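Colleague: Sharing structure_13.cif here; it has mmCIF, C-alpha atoms.
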data_data
#
loop_
_atom_site.label_atom_id
_atom_site.label_comp_id
_atom_site.auth_asym_id
_atom_site.auth_seq_id
_atom_site.Cartn_x
_atom_site.Cartn_y
_atom_site.Cartn_z
CA MET S 24 0.00 0.00 0.00
CA ASN S 25 2.85 2.39 0.73
CA SER S 26 4.36 1.77 -2.71
CA ILE S 27 2.87 5.13 -3.74
CA ILE S 28 4.11 7.16 -0.75
CA HIS S 29 7.60 7.63 -2.20
CA LEU S 30 5.98 9.55 -5.11
CA ILE S 31 4.93 12.35 -2.73
CA LYS S 32 8.28 14.15 -2.51
CA PHE S 33 7.60 17.49 -4.06
CA ASN S 34 4.93 20.18 -3.67
CA LYS S 35 3.60 22.84 -6.03
CA LYS S 36 6.13 25.47 -5.02
CA MET S 37 9.12 23.37 -6.06
CA VAL S 38 9.27 24.17 -9.76
CA SER S 39 12.94 24.86 -10.24
CA LYS S 40 14.83 23.17 -13.04
CA ARG S 41 16.82 21.04 -10.64
CA ILE S 42 13.76 19.62 -8.87
CA LEU S 43 11.94 18.89 -12.11
CA ALA S 44 14.97 17.10 -13.50
CA LEU S 45 15.30 14.98 -10.38
CA THR S 46 11.59 14.20 -10.51
CA SER S 47 11.86 13.02 -14.09
CA LEU S 48 14.79 10.71 -13.36
CA PHE S 49 13.12 9.36 -10.23
CA CYS S 50 9.82 8.56 -11.97
CA THR S 51 11.68 6.89 -14.85
CA PHE S 52 13.41 4.54 -12.41
CA ILE S 53 10.15 3.69 -10.63
CA ALA S 54 8.36 2.96 -13.89
CA GLN S 55 11.01 0.54 -15.13
CA ALA S 56 12.01 -1.36 -12.01
CA GLN S 57 10.03 -3.29 -9.42
CA PHE S 58 12.09 -2.32 -6.39
CA THR S 59 10.97 0.91 -4.71
CA ASP S 60 12.70 3.12 -2.16
CA GLU S 61 9.95 2.36 0.37
CA VAL S 62 8.36 -0.98 1.18
CA ASN S 63 5.73 -2.05 -1.36
CA SER S 64 2.98 -3.76 0.68
CA ASN S 65 -0.43 -5.13 -0.30
CA ARG S 66 -1.67 -4.47 3.24
CA PRO S 67 -3.98 -3.53 4.78
CA GLY S 68 -6.30 -4.14 1.82
CA LYS S 69 -7.01 -7.55 0.30
CA SER S 70 -6.10 -6.70 -3.28
CA MET S 71 -2.81 -7.70 -4.86
CA MET S 72 -0.75 -5.02 -6.63
CA ALA S 73 0.58 -5.61 -10.14
CA PHE S 74 4.22 -4.88 -9.27
CA SER S 75 6.44 -7.33 -7.44
CA VAL S 76 8.77 -6.65 -4.53
CA GLY S 77 11.89 -6.89 -6.72
CA LYS S 78 14.39 -9.65 -7.51
CA THR S 79 15.91 -11.33 -4.39
CA ILE S 80 13.72 -9.20 -2.09
CA PHE S 81 12.05 -11.11 0.76
CA GLN S 82 8.98 -9.54 2.34
CA ALA S 83 6.65 -10.59 5.17
CA GLU S 84 3.16 -9.10 5.63
CA SER S 85 1.28 -10.07 8.78
CA GLY S 86 -1.86 -9.07 10.65
CA VAL S 87 -4.20 -9.90 13.54
CA ASN S 88 -7.95 -9.31 13.25
CA TYR S 89 -10.93 -9.35 15.57
CA VAL S 90 -13.76 -11.32 13.93
CA ALA S 91 -17.50 -11.12 14.66
CA GLU S 92 -19.89 -13.12 12.49
CA LYS S 93 -23.65 -13.61 12.90
CA HIS S 94 -26.17 -15.50 10.74
CA ASN S 95 -29.85 -14.61 11.19
CA LEU S 96 -31.29 -17.60 9.32
CA LEU S 97 -28.98 -20.29 10.71
CA ASN S 98 -29.11 -18.65 14.14
CA TYR S 99 -25.43 -18.70 14.97
CA ASP S 100 -22.77 -16.22 15.91
CA ALA S 101 -19.01 -16.51 16.16
CA LYS S 102 -16.52 -14.18 17.83
CA GLY S 103 -12.76 -14.52 18.01
CA TYR S 104 -9.64 -13.55 16.10
CA ASN S 105 -7.59 -14.63 13.13
CA GLY S 106 -3.98 -14.20 12.22
CA GLU S 107 -2.68 -13.93 8.67
CA LEU S 108 0.78 -14.13 7.16
CA THR S 109 1.91 -13.53 3.59
CA LEU S 110 5.46 -14.21 2.41
CA ARG S 111 6.65 -12.69 -0.87
CA TYR S 112 9.92 -13.32 -2.70
CA GLY S 113 11.23 -11.79 -5.93
CA PHE S 114 12.37 -14.75 -8.01
CA LEU S 115 14.57 -14.93 -11.15
CA LYS S 116 13.30 -11.67 -12.68
CA GLU S 117 12.18 -8.24 -11.47
CA GLU S 118 8.67 -8.93 -12.75
CA LEU S 119 8.19 -12.31 -11.00
CA GLU S 120 7.41 -13.11 -7.39
CA ILE S 121 6.44 -16.19 -5.41
CA ILE S 122 3.69 -15.71 -2.82
CA GLY S 123 2.66 -17.89 0.12
CA GLU S 124 -0.41 -17.06 2.25
CA ILE S 125 -1.82 -18.64 5.40
CA GLN S 126 -4.68 -17.65 7.71
CA TYR S 127 -5.39 -19.14 11.14
CA GLN S 128 -8.63 -18.52 13.04
CA LYS S 129 -9.73 -19.21 16.61
CA ASP S 130 -13.22 -18.28 17.82
CA ASN S 131 -16.19 -19.21 19.99
CA TYR S 132 -19.13 -20.49 17.96
CA SER S 133 -22.62 -20.37 19.47
CA SER S 134 -25.77 -21.89 17.95
CA TYR S 135 -29.12 -22.55 19.70
CA GLY S 136 -27.50 -22.13 23.10
CA VAL S 137 -24.64 -24.55 22.42
CA GLU S 138 -21.18 -22.99 22.44
CA THR S 139 -18.15 -24.52 20.75
CA SER S 140 -14.53 -23.43 20.62
CA ARG S 141 -13.15 -23.65 17.08
CA SER S 142 -9.62 -23.28 15.76
CA GLY S 143 -7.83 -24.16 12.58
CA ILE S 144 -6.17 -23.00 9.36
CA ARG S 145 -8.88 -21.23 7.41
CA ASN S 146 -6.88 -20.55 4.29
CA ALA S 147 -3.55 -21.62 2.75
CA ILE S 148 -2.42 -20.59 -0.73
CA ILE S 149 0.78 -20.70 -2.72
CA GLY S 150 1.18 -19.02 -6.10
CA ALA S 151 3.19 -16.83 -8.44
CA LYS S 152 2.59 -13.41 -9.97
CA TYR S 153 4.14 -11.95 -13.12
CA LEU S 154 4.00 -8.39 -14.47
CA PHE S 155 3.22 -8.67 -18.19
CA TYR S 156 2.79 -5.02 -19.07
CA ASP S 157 4.03 -1.74 -17.62
CA PRO S 158 2.69 1.32 -19.50
CA PHE S 159 5.61 3.44 -18.34
CA LYS S 160 8.39 1.06 -19.33
CA ASN S 161 10.66 2.61 -21.94
CA TYR S 162 8.57 5.77 -21.69
CA GLU S 163 9.93 9.08 -20.50
CA GLU S 164 7.82 12.19 -20.12
CA LYS S 165 9.98 15.26 -20.37
CA PRO S 166 9.02 17.99 -17.89
CA ASN S 167 8.23 21.51 -18.96
CA LEU S 168 10.82 23.60 -17.13
CA TYR S 169 8.78 26.77 -17.42
CA SER S 170 5.20 25.73 -16.61
CA TRP S 171 3.90 24.05 -13.47
CA LYS S 172 0.45 23.86 -15.09
CA ALA S 173 1.79 21.96 -18.10
CA ASN S 174 3.51 19.42 -15.86
CA HIS S 175 0.30 18.80 -13.88
CA ARG S 176 -2.20 18.75 -16.73
CA PHE S 177 -4.60 15.83 -17.16
CA LYS S 178 -2.90 12.87 -18.84
CA TRP S 179 -4.89 10.20 -20.65
CA ARG S 180 -1.96 7.79 -20.34
CA GLN S 181 -2.76 7.24 -16.66
CA PHE S 182 -5.85 5.27 -17.71
CA ILE S 183 -3.60 2.60 -19.22
CA PRO S 184 -3.03 0.11 -16.37
CA ALA S 185 -0.07 -2.05 -15.51
CA LEU S 186 -1.20 -5.65 -16.03
CA ALA S 187 -0.13 -8.78 -14.16
CA GLY S 188 -1.29 -12.37 -13.97
CA TYR S 189 -1.43 -14.68 -10.98
CA ALA S 190 -1.79 -18.48 -10.72
CA GLY S 191 -1.86 -20.51 -7.54
CA ILE S 192 -3.25 -23.43 -5.56
CA SER S 193 -5.57 -23.20 -2.54
CA PHE S 194 -5.19 -25.90 0.10
CA ASN S 195 -8.08 -26.87 2.36
CA MET S 196 -6.69 -27.53 5.84
CA ASP S 197 -10.11 -27.23 7.54
CA LYS S 198 -10.91 -30.95 7.67
CA LYS S 199 -13.83 -30.46 10.09
CA ASN S 200 -15.44 -27.86 7.84
CA TYR S 201 -15.52 -25.33 10.69
CA PHE S 202 -15.34 -22.32 8.41
CA GLY S 203 -17.04 -23.60 5.27
CA TYR S 204 -20.34 -22.14 4.07
CA GLY S 205 -21.43 -25.20 2.08
CA PRO S 206 -22.83 -28.59 3.17
CA ALA S 207 -19.82 -30.69 2.14
CA LEU S 208 -16.10 -30.65 2.75
CA GLU S 209 -14.12 -28.73 0.16
CA SER S 210 -11.47 -30.34 -2.03
CA SER S 211 -8.04 -30.73 -0.44
CA ALA S 212 -6.51 -28.59 -3.21
CA SER S 213 -7.90 -26.44 -6.00
CA PRO S 214 -6.40 -24.03 -8.55
CA ARG S 215 -7.02 -20.28 -8.68
CA ALA S 216 -6.20 -17.64 -11.28
CA MET S 217 -6.31 -13.86 -11.23
CA VAL S 218 -5.89 -10.84 -13.49
CA ILE S 219 -4.45 -7.71 -11.85
CA ALA S 220 -4.67 -4.11 -13.11
CA GLN S 221 -3.01 -1.10 -11.49
CA ASN S 222 -3.49 2.57 -12.42
CA HIS S 223 -1.58 5.57 -11.09
CA PHE S 224 -3.55 8.82 -11.17
CA GLY S 225 -1.16 11.67 -10.60
CA THR S 226 1.30 11.27 -7.74
CA ARG S 227 -1.14 10.49 -4.92
CA TRP S 228 -3.82 8.09 -6.18
CA VAL S 229 -3.53 4.39 -7.07
CA LEU S 230 -6.39 2.17 -8.24
CA VAL S 231 -5.90 -1.61 -8.07
CA THR S 232 -8.39 -4.08 -9.55
CA ASN S 233 -8.27 -7.87 -9.06
CA ILE S 234 -10.58 -10.30 -10.85
CA ALA S 235 -10.13 -13.88 -9.66
CA TYR S 236 -11.51 -17.33 -10.42
CA ASN S 237 -11.16 -19.27 -7.17
CA LYS S 238 -11.45 -23.00 -6.39
CA ILE S 239 -11.66 -23.85 -10.08
CA SER S 240 -13.41 -27.10 -11.08
CA THR S 241 -14.99 -27.62 -7.64
CA ASP S 242 -18.52 -27.11 -6.25
CA TYR S 243 -17.17 -24.11 -4.36
CA ALA S 244 -15.86 -22.31 -7.44
CA SER S 245 -16.46 -18.56 -7.41
CA ILE S 246 -15.66 -15.48 -9.45
CA ASP S 247 -14.42 -12.82 -7.05
CA TYR S 248 -13.15 -9.27 -7.31
CA VAL S 249 -11.36 -6.64 -5.23
CA VAL S 250 -11.20 -2.94 -6.09
CA THR S 251 -8.92 -0.76 -3.95
CA LEU S 252 -8.40 3.00 -4.15
CA THR S 253 -5.40 4.31 -2.22
CA ARG S 254 -4.36 7.89 -1.58
CA GLY S 255 -1.00 9.04 -0.34
CA ILE S 256 -1.54 11.70 2.31
CA ASN S 257 2.09 12.64 2.90
CA GLN S 258 5.48 10.97 2.92
CA ASN S 259 4.52 8.60 5.74
CA TRP S 260 0.73 8.23 5.72
CA SER S 261 -1.66 6.69 3.20
CA ALA S 262 -5.35 5.72 3.36
CA PHE S 263 -7.56 3.41 1.32
CA ILE S 264 -11.13 2.31 0.64
CA GLU S 265 -11.97 -1.07 -0.84
CA ASN S 266 -14.81 -3.23 -2.09
CA GLN S 267 -14.41 -7.02 -2.18
CA GLY S 268 -17.01 -9.26 -3.80
CA TYR S 269 -17.68 -13.02 -3.82
CA ASN S 270 -19.96 -14.77 -6.29
CA GLY S 271 -20.22 -18.52 -5.71
CA LYS S 272 -22.79 -21.29 -5.49
CA TYR S 273 -22.85 -21.41 -1.69
CA TYR S 274 -21.57 -17.99 -0.74
CA SER S 275 -21.98 -14.55 -2.28
CA ASP S 276 -21.17 -11.32 -0.51
CA GLY S 277 -19.87 -7.79 -0.78
CA ILE S 278 -17.44 -6.50 1.84
CA PHE S 279 -16.43 -2.87 2.30
CA ARG S 280 -13.10 -2.08 3.90
CA PHE S 281 -11.18 1.07 4.80
CA GLY S 282 -8.01 1.84 6.71
CA ALA S 283 -4.65 3.54 6.81
CA ALA S 284 -0.96 2.68 6.80
CA TYR S 285 2.05 4.41 8.31
CA LEU S 286 5.57 4.07 6.89
CA PHE S 287 7.68 3.48 10.01
CA ASN S 288 10.88 3.45 7.96
CA LYS S 289 11.76 2.53 4.37
CA ASP S 290 11.53 -1.21 5.10
CA MET S 291 8.73 -1.31 7.71
CA GLN S 292 5.05 -0.42 7.63
CA ILE S 293 2.27 -0.63 10.23
CA ASP S 294 -1.42 -0.51 9.36
CA ALA S 295 -4.98 -0.68 10.66
CA SER S 296 -8.30 -1.45 8.95
CA LEU S 297 -12.00 -2.08 9.50
CA ALA S 298 -14.31 -4.19 7.32
CA SER S 299 -18.01 -5.00 7.21
CA ASN S 300 -20.63 -6.27 4.78
CA ALA S 301 -24.24 -5.24 4.10
CA LYS S 302 -26.09 -8.53 4.63
CA SER S 303 -27.17 -10.64 7.60
CA THR S 304 -26.57 -14.14 6.21
CA PRO S 305 -24.03 -13.80 7.70
CA SER S 306 -23.14 -10.30 8.87
CA ILE S 307 -19.39 -9.81 9.18
CA LEU S 308 -17.26 -7.34 11.12
CA TYR S 309 -13.46 -7.35 10.99
CA GLY S 310 -11.07 -4.96 12.71
CA GLY S 311 -7.32 -5.45 12.62
CA ILE S 312 -3.77 -4.20 12.73
CA GLY S 313 -0.80 -5.34 10.69
CA PHE S 314 2.91 -5.11 10.07
CA THR S 315 5.05 -5.37 6.93
CA TRP S 316 8.81 -5.90 6.82
CA ARG S 317 11.20 -6.53 3.96
CA PHE S 318 14.77 -7.79 3.70
CA VAL S 319 16.80 -6.01 1.02
CA LYS S 320 20.40 -7.00 1.77
CA ASN S 321 20.70 -9.27 -1.28
CA TYR S 322 19.17 -6.80 -3.71
CA GLN S 323 21.32 -5.46 -6.54
CA GLU S 324 20.10 -2.36 -8.33
CA VAL S 325 18.87 -3.03 -11.84
CA LYS S 326 20.64 -0.76 -14.30
CA MET S 327 18.22 0.20 -17.05
CA ALA S 328 18.87 2.36 -20.06
CA LYS S 329 16.77 5.48 -20.56
CA PRO S 330 14.24 5.44 -23.40
CA GLY S 331 15.93 6.15 -26.70
CA THR S 332 19.40 5.13 -25.47
CA GLN S 333 21.46 2.01 -26.09
CA SER S 334 22.99 -0.41 -23.67
CA LYS S 335 26.74 -1.08 -23.70
CA MET S 336 26.15 -4.43 -25.43
CA ASP S 337 24.06 -2.77 -28.16
CA LYS S 338 26.79 -0.20 -28.74
CA LYS S 339 29.43 -2.95 -29.03
CA MET S 340 27.30 -4.84 -31.53
CA ASP S 341 26.71 -1.68 -33.59
CA LYS S 342 30.44 -0.92 -33.66
CA LYS S 343 31.21 -4.49 -34.70
CA ALA S 344 28.60 -4.34 -37.47
CA GLU S 345 29.98 -1.00 -38.71
CA LYS S 346 33.52 -2.40 -38.73
CA ASN S 347 32.46 -5.43 -40.76
CA LYS S 348 30.58 -3.17 -43.16
CA ARG S 349 33.69 -1.08 -43.82
CA LYS S 350 35.77 -4.21 -44.26
CA ASP S 351 33.37 -5.61 -46.85
CA SER S 352 33.30 -2.33 -48.79
CA VAL S 353 37.13 -2.30 -49.00
CA GLU S 354 37.22 -5.84 -50.31
#
Translate this structure into structure tokens?
Modeller:
Amino acid sequence: MNSIIHLIKFNKKMVSKRILALTSLFCTFIAQAQFTDEVNSNRPGKSMMAFSVGKTIFQAESGVNYVAEKHNLLNYDAKGYNGELTLRYGFLKEELEIIGEIQYQKDNYSSYGVETSRSGIRNAIIGAKYLFYDPFKNYEEKPNLYSWKANHRFKWRQFIPALAGYAGISFNMDKKNYFGYGPALESSASPRAMVIAQNHFGTRWVLVTNIAYNKISTDYASIDYVVTLTRGINQNWSAFIENQGYNGKYYSDGIFRFGAAYLFNKDMQIDASLASNAKSTPSILYGGIGFTWRFVKNYQEVKMAKPGTQSKMDKKMDKKAEKNKRKDSVE
């Protein structure tokens, strides 16, 4: 969530040539590389951003939530907490990351006067995400050194999203069907796929859209979505609102979530959020706090040529081709 905070470095009064030049170089680097100066966390929302953490970067995102659930028709209510942990690792390329997710829940379940203590792993997923398209890669917008208005005019290009794809496997560890909404036990493993779009509007707003097909080829298959709008408030604070939807055979719902995150330092973030739905079968209330940390010791900066320039290898090949051309003309 704080991946956008590093963009908020300059205000309207800073329009000198030096600042604009630095801004241009900085934005070019961000657009072409996955690694960011500040930690790039998906928390506290439930959407997944298109960009990865960066090659060799290890990142942990964790949270603890209070959970209150009540079903008017089935006459039950459950109150307790859940803990969630997501591990992300940039693998092989800047655009690729491996993601592992696990969620544990413990609560007290009450139905018709009978109370039961439940606990177990509610969710476990492993998958991979790859950035297929970055609209700002190999694109450089030259600043107007004489007009603040020209540099901040409306840009249609911001409606072109970065696009990523995700594929993973969900594992059902809830063998007693404590947390299932259907009559039968879910499959022990099922595939899931997702399309991810990410738009940057100006320097403060980011819109992330996830469309997922979960538990494919099972009776519990569902087409889900998450739409998250994040705004950077200042260099340390950001806030978000989010809508998450489920559309399955046994469970359909719409959950609204909002919260904020604080950048403790460039590699650590803390966050808080609140979520609720608009139905009573069941009604859901979540409130939680979280923490994100990344390990960057093994990261090596990716050197990328500016748009319109050549790499050292390209220059060597061009020189070699020119030399051979002259040699052939002499012969």
Colleague: Would you kindly return, as an MDAnalysis selection string, each protein, DNA or RNA residue with an atom no farther than 7 Å from any atom of range 155-158 of chain S, considering all atoms listed in the file and excluding same-chain residues fewer than 2 positions away?
Modeller: chainID S and resid 153 160 183:187
Colleague: Rounded to one decimal, what separation in Å do you get between CA of Tyr269 in chain S and CA of Ile239 in chain S?
Modeller: 13.9 Å
Colleague: Please check which residues have atoms at most 9 Å from (-12.6, -10.9, -11.2) in the file's coordinates, counting only C-alpha atoms, and write them as a PyMOL selection string.
Modeller: chain S and resi 217-219+232-236+246-249+268
Colleague: For CA of Arg317 in chain S and CA of Glu61 in chain S, quote the distance in Å rounded to one decimal.
Modeller: 9.7 Å
Colleague: Put the listed atoms of range 296-312 of chain S in a box along x, y and z with 3 Å added on every side and give me the centre and edge lengths in Å to one decimal, as lines of an AutoDock Vina configuration file.
Modeller:
center_x = -15.5
center_y = -7.8
center_z = 8.4
size_x = 29.4
size_y = 18.7
size_z = 14.6
Colleague: Tell me which residues the PyMOL selection byres ((chain S and resi 240) around 12) grabs here, as a ChimeraX atom specification.
Modeller: /S:209-210,212-216,236-239,241-246
Colleague: Any idea what the distance is between CA of Gly103 in chain S and CA of Asn266 in chain S?
Modeller: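 Result for CA of Gly103 in chain S versus CA of Asn266 in chain S: 23.1 Å, one decimal.
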Colleague: Counting all atoms listed in the file, which of S:Phe182, S:Glu118, S:Gly123, S:Asp100 gets nearest to Glu138 in chain S?
Modeller: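 Closest to Glu138 in chain S, using all atoms listed in the file: S:Asp100.
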Colleague: From the block I gave, I'd like range 135-161 of chain S written with N, CA, C and O atoms, as a PDB file, in the first residue's frame.
Modeller:
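Done, and the output landed in decode_29.pdb:
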ATOM      1  N   TYR S 135     -28.014 -22.003  18.921  1.00  0.00           N
ATOM      2  CA  TYR S 135     -29.122 -22.546  19.704  1.00  0.00           C
ATOM      3  C   TYR S 135     -28.696 -22.886  21.139  1.00  0.00           C
ATOM      4  O   TYR S 135     -29.046 -23.944  21.682  1.00  0.00           O
ATOM      5  N   GLY S 136     -27.906 -21.986  21.714  1.00  0.00           N
ATOM      6  CA  GLY S 136     -27.500 -22.133  23.104  1.00  0.00           C
ATOM      7  C   GLY S 136     -26.308 -23.034  23.338  1.00  0.00           C
ATOM      8  O   GLY S 136     -25.844 -23.176  24.473  1.00  0.00           O
ATOM      9  N   VAL S 137     -25.804 -23.665  22.300  1.00  0.00           N
ATOM     10  CA  VAL S 137     -24.639 -24.547  22.422  1.00  0.00           C
ATOM     11  C   VAL S 137     -23.403 -23.809  21.927  1.00  0.00           C
ATOM     12  O   VAL S 137     -23.374 -23.316  20.794  1.00  0.00           O
ATOM     13  N   GLU S 138     -22.390 -23.732  22.785  1.00  0.00           N
ATOM     14  CA  GLU S 138     -21.183 -22.995  22.439  1.00  0.00           C
ATOM     15  C   GLU S 138     -20.016 -23.945  22.201  1.00  0.00           C
ATOM     16  O   GLU S 138     -19.793 -24.888  22.970  1.00  0.00           O
ATOM     17  N   THR S 139     -19.280 -23.682  21.140  1.00  0.00           N
ATOM     18  CA  THR S 139     -18.146 -24.519  20.751  1.00  0.00           C
ATOM     19  C   THR S 139     -16.932 -23.646  20.484  1.00  0.00           C
ATOM     20  O   THR S 139     -17.046 -22.573  19.886  1.00  0.00           O
ATOM     21  N   SER S 140     -15.780 -24.123  20.915  1.00  0.00           N
ATOM     22  CA  SER S 140     -14.532 -23.433  20.621  1.00  0.00           C
ATOM     23  C   SER S 140     -13.936 -24.025  19.348  1.00  0.00           C
ATOM     24  O   SER S 140     -13.730 -25.246  19.274  1.00  0.00           O
ATOM     25  N   ARG S 141     -13.684 -23.182  18.364  1.00  0.00           N
ATOM     26  CA  ARG S 141     -13.152 -23.653  17.085  1.00  0.00           C
ATOM     27  C   ARG S 141     -11.766 -23.048  16.845  1.00  0.00           C
ATOM     28  O   ARG S 141     -11.493 -21.924  17.240  1.00  0.00           O
ATOM     29  N   SER S 142     -10.933 -23.789  16.166  1.00  0.00           N
ATOM     30  CA  SER S 142      -9.619 -23.275  15.755  1.00  0.00           C
ATOM     31  C   SER S 142      -9.107 -24.095  14.589  1.00  0.00           C
ATOM     32  O   SER S 142      -9.386 -25.290  14.487  1.00  0.00           O
ATOM     33  N   GLY S 143      -8.386 -23.445  13.720  1.00  0.00           N
ATOM     34  CA  GLY S 143      -7.827 -24.160  12.583  1.00  0.00           C
ATOM     35  C   GLY S 143      -7.321 -23.210  11.520  1.00  0.00           C
ATOM     36  O   GLY S 143      -7.505 -21.983  11.606  1.00  0.00           O
ATOM     37  N   ILE S 144      -6.671 -23.776  10.496  1.00  0.00           N
ATOM     38  CA  ILE S 144      -6.175 -22.996   9.363  1.00  0.00           C
ATOM     39  C   ILE S 144      -7.332 -22.791   8.402  1.00  0.00           C
ATOM     40  O   ILE S 144      -7.853 -23.742   7.828  1.00  0.00           O
ATOM     41  N   ARG S 145      -7.731 -21.547   8.260  1.00  0.00           N
ATOM     42  CA  ARG S 145      -8.880 -21.230   7.415  1.00  0.00           C
ATOM     43  C   ARG S 145      -8.510 -21.147   5.946  1.00  0.00           C
ATOM     44  O   ARG S 145      -9.327 -21.439   5.069  1.00  0.00           O
ATOM     45  N   ASN S 146      -7.278 -20.759   5.673  1.00  0.00           N
ATOM     46  CA  ASN S 146      -6.880 -20.552   4.285  1.00  0.00           C
ATOM     47  C   ASN S 146      -5.383 -20.772   4.133  1.00  0.00           C
ATOM     48  O   ASN S 146      -4.610 -20.349   4.982  1.00  0.00           O
ATOM     49  N   ALA S 147      -4.971 -21.441   3.066  1.00  0.00           N
ATOM     50  CA  ALA S 147      -3.549 -21.622   2.753  1.00  0.00           C
ATOM     51  C   ALA S 147      -3.398 -21.632   1.236  1.00  0.00           C
ATOM     52  O   ALA S 147      -4.040 -22.442   0.552  1.00  0.00           O
ATOM     53  N   ILE S 148      -2.570 -20.739   0.725  1.00  0.00           N
ATOM     54  CA  ILE S 148      -2.423 -20.585  -0.726  1.00  0.00           C
ATOM     55  C   ILE S 148      -0.956 -20.390  -1.069  1.00  0.00           C
ATOM     56  O   ILE S 148      -0.222 -19.700  -0.362  1.00  0.00           O
ATOM     57  N   ILE S 149      -0.542 -20.979  -2.177  1.00  0.00           N
ATOM     58  CA  ILE S 149       0.782 -20.697  -2.722  1.00  0.00           C
ATOM     59  C   ILE S 149       0.620 -20.408  -4.205  1.00  0.00           C
ATOM     60  O   ILE S 149      -0.177 -21.060  -4.891  1.00  0.00           O
ATOM     61  N   GLY S 150       1.331 -19.391  -4.694  1.00  0.00           N
ATOM     62  CA  GLY S 150       1.177 -19.024  -6.096  1.00  0.00           C
ATOM     63  C   GLY S 150       2.304 -18.139  -6.579  1.00  0.00           C
ATOM     64  O   GLY S 150       3.270 -17.857  -5.860  1.00  0.00           O
ATOM     65  N   ALA S 151       2.176 -17.690  -7.813  1.00  0.00           N
ATOM     66  CA  ALA S 151       3.186 -16.831  -8.437  1.00  0.00           C
ATOM     67  C   ALA S 151       2.496 -15.730  -9.229  1.00  0.00           C
ATOM     68  O   ALA S 151       1.431 -15.941  -9.813  1.00  0.00           O
ATOM     69  N   LYS S 152       3.128 -14.564  -9.246  1.00  0.00           N
ATOM     70  CA  LYS S 152       2.593 -13.406  -9.971  1.00  0.00           C
ATOM     71  C   LYS S 152       3.647 -12.886 -10.934  1.00  0.00           C
ATOM     72  O   LYS S 152       4.832 -12.834 -10.599  1.00  0.00           O
ATOM     73  N   TYR S 153       3.202 -12.469 -12.126  1.00  0.00           N
ATOM     74  CA  TYR S 153       4.145 -11.952 -13.118  1.00  0.00           C
ATOM     75  C   TYR S 153       3.580 -10.694 -13.758  1.00  0.00           C
ATOM     76  O   TYR S 153       2.409 -10.661 -14.173  1.00  0.00           O
ATOM     77  N   LEU S 154       4.394  -9.639 -13.816  1.00  0.00           N
ATOM     78  CA  LEU S 154       4.000  -8.393 -14.465  1.00  0.00           C
ATOM     79  C   LEU S 154       4.221  -8.518 -15.970  1.00  0.00           C
ATOM     80  O   LEU S 154       5.351  -8.609 -16.433  1.00  0.00           O
ATOM     81  N   PHE S 155       3.127  -8.512 -16.735  1.00  0.00           N
ATOM     82  CA  PHE S 155       3.224  -8.668 -18.185  1.00  0.00           C
ATOM     83  C   PHE S 155       3.375  -7.338 -18.912  1.00  0.00           C
ATOM     84  O   PHE S 155       4.009  -7.268 -19.962  1.00  0.00           O
ATOM     85  N   TYR S 156       2.782  -6.288 -18.348  1.00  0.00           N
ATOM     86  CA  TYR S 156       2.795  -5.022 -19.072  1.00  0.00           C
ATOM     87  C   TYR S 156       2.890  -3.844 -18.111  1.00  0.00           C
ATOM     88  O   TYR S 156       2.133  -3.750 -17.152  1.00  0.00           O
ATOM     89  N   ASP S 157       3.856  -2.972 -18.370  1.00  0.00           N
ATOM     90  CA  ASP S 157       4.027  -1.737 -17.616  1.00  0.00           C
ATOM     91  C   ASP S 157       3.929  -0.579 -18.601  1.00  0.00           C
ATOM     92  O   ASP S 157       4.782  -0.431 -19.477  1.00  0.00           O
ATOM     93  N   PRO S 158       2.879   0.254 -18.518  1.00  0.00           N
ATOM     94  CA  PRO S 158       2.688   1.319 -19.504  1.00  0.00           C
ATOM     95  C   PRO S 158       3.789   2.376 -19.502  1.00  0.00           C
ATOM     96  O   PRO S 158       3.918   3.139 -20.461  1.00  0.00           O
ATOM     97  N   PHE S 159       4.574   2.428 -18.427  1.00  0.00           N
ATOM     98  CA  PHE S 159       5.612   3.441 -18.341  1.00  0.00           C
ATOM     99  C   PHE S 159       7.009   2.893 -18.641  1.00  0.00           C
ATOM    100  O   PHE S 159       7.989   3.624 -18.566  1.00  0.00           O
ATOM    101  N   LYS S 160       7.096   1.635 -18.992  1.00  0.00           N
ATOM    102  CA  LYS S 160       8.392   1.058 -19.328  1.00  0.00           C
ATOM    103  C   LYS S 160       8.848   1.601 -20.680  1.00  0.00           C
ATOM    104  O   LYS S 160       8.083   1.655 -21.640  1.00  0.00           O
ATOM    105  N   ASN S 161      10.076   2.008 -20.738  1.00  0.00           N
ATOM    106  CA  ASN S 161      10.661   2.608 -21.943  1.00  0.00           C
ATOM    107  C   ASN S 161       9.919   3.876 -22.368  1.00  0.00           C
ATOM    108  O   ASN S 161       9.923   4.245 -23.541  1.00  0.00           O
TER     109      ASN S 161
END
